[in-house]
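Visitor: I have a structure here, written as structure tokens, and I will follow up with some questions on it.
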Number of protein chains: 2
Amino acid sequence: MWQLHQFPLCPFSRKVRLLLAEKGVGYEPVREFPWERRDEFLDINPAGQTPVMIGDRGTRLIDSVAICEYFEETVEKSVMLGGTAADRAEIRRLVAWFDTQFYRDITAPLLQERMEKRIVHRAAPDARLLREAMKAAVAHLDYIDYLLDHRSWLGGSTMSLADLAAAAQISVADYLGGIDWKSHEQAKRWYIGMKSRPTMRPLLAERMVGITPPADYEKLDL
Amino acid sequence: MWQLHQFPLCPFSRKVRLLLAEKGVGYEPVREFPWERRDEFLDINPAGQTPVMIGDRGTRLIDSVAICEYFEETVEKSVMLGGTAADRAEIRRLVAWFDTQFYRDITAPLLQERMEKRIVHRAAPDARLLREAMKAAVAHLDYIDYLLDHRSWLGGSTMSLADLAAAAQISVADYLGGIDWKSHEQAKRWYIGMKSRPTMRPLLAERMVGITPPADYEKLDL
């Protein structure tokens, strides 16, 4: 069975876990806190980041994009990069959008201010950075509303890796109190749909020690 | 014919241009400076980043990873993601390494300090940040040496997208005076090999107005 090195609030590990669940690939989760920079982990992945997957015969898969492409290529069930080459390019554009822009503007500062500062530095969060992240979240939810004006799912007419990448980032931002659904009905309906999937429930049930999510984090009636 | 929106020192556009050249795909380059944040460009790509490709029938390809996967899927010539699924995962890991780590540690600060500050802000570069970038470059060249101890090319036994992603980042860092090849014989030999390819020569002949590269930037005898 695959080992997946991750921690509960790693958005890139969540994207991979959602894909593995949709495809029915079993794995054993192994807790890894990248900020500890363990030598053994850096030997496996010099980038020092989760997720990393290790197979029975020593196969190492590193980087969430590489991991998702690997399982998309090797497991037929639940195609997540479907359609024409242009359709797949649009899905991959949105995966990059959530992995890079959403992460940089929202998830990364929230993780820094509300997780790392509490756990690693035992310091108070910077209120200005939190406000900026939450303001950025409004703009990103606007963009999700815009996408859903034109399509059923974020990447096109069917659920795709774009939805998994978005739900992964949003769920971490939501855990850390960074998401306000007010006046984002379309995005909210889409996210409730994602939350209600059996593949997403186990992730939402997990807790990061020392950090409590908002009351409606797991709820389906926001 | 495809239009490619780019600027001469965009490392991600260089990666795409190297791939298009290896695959023999023609394109018309269109100059776009992302820091101008033109409304027309933001309408096409809300991320505001180059490269963007636009096809004759309006097909839009956005994000360098999505663009490379598109042409790898649609053009058989010069396979750049070859081998088994695990081989491809290793190539994609290294592409992400150069696109993310190398860019963050070296190319991005060099572009900020030696291009944007000069062109946009008309300010002097921060010597401390430049020193840090050049120190990071030494560590990255060490890693390239290490990879080449074990394989003929960065991603495995044949040239792949990993080599193109690395050459793209390194060539921009080199243009901006951030690379010192001293005591990196393996990496230097590999890079001279990349530089001497007919697909790379046109990129090296281009100049960014107002910024002159070092004397040996184009030379094959470093």
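To be explicit about the labels: the chains of the structure tokens are called A, B, and onward in the order shown, and within each one the residues are counted from 1, while ligands get numbers from 1 in the order they are shown.
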Contacts between region 52-68 of chain A and region 82-145 of chain B, please, where a residue of region 82-145 of chain B counts if it comes within 10 Å (with only C-alpha atoms); show its shortest atom pair and distance in Å to one decimal, rows by chain and ascending number, as JSON lines.
Guide:
{"residue": "B:Ala85", "atom": "CA", "partner": "A:Ala66", "partner_atom": "CA", "distance": 9.8}
{"residue": "B:Ala86", "atom": "CA", "partner": "A:Thr59", "partner_atom": "CA", "distance": 7.2}
{"residue": "B:Asp87", "atom": "CA", "partner": "A:Leu61", "partner_atom": "CA", "distance": 9.8}
{"residue": "B:Arg88", "atom": "CA", "partner": "A:Ala66", "partner_atom": "CA", "distance": 7.9}
{"residue": "B:Ala89", "atom": "CA", "partner": "A:Ala66", "partner_atom": "CA", "distance": 5.0}
{"residue": "B:Glu90", "atom": "CA", "partner": "A:Leu61", "partner_atom": "CA", "distance": 7.2}
{"residue": "B:Ile91", "atom": "CA", "partner": "A:Ala66", "partner_atom": "CA", "distance": 8.3}
{"residue": "B:Arg92", "atom": "CA", "partner": "A:Ala66", "partner_atom": "CA", "distance": 5.3}
{"residue": "B:Arg93", "atom": "CA", "partner": "A:Asp63", "partner_atom": "CA", "distance": 5.7}
{"residue": "B:Leu94", "atom": "CA", "partner": "A:Asp63", "partner_atom": "CA", "distance": 9.0}
{"residue": "B:Val95", "atom": "CA", "partner": "A:Ala66", "partner_atom": "CA", "distance": 9.3}
{"residue": "B:Ala96", "atom": "CA", "partner": "A:Asp63", "partner_atom": "CA", "distance": 7.2}
{"residue": "B:Trp97", "atom": "CA", "partner": "A:Asp63", "partner_atom": "CA", "distance": 8.5}
Visitor: Which residues are close to Gln49 (chain A), i.e. within 10 Å by only C-alpha atoms, leaving aside same-chain residues fewer than 6 positions away? Reply as a ChimeraX atom specification.
Guide: /A:5-6,10,12-13,32-35,37,41-42,62-64
Visitor: Please identify all polymer residues within 12 Å of Asp142 (chain B), counting only C-alpha atoms, omitting same-chain residues fewer than 3 positions from it, and present them as a ChimeraX atom specification.
Guide: /B:135-139,145-149,180-188
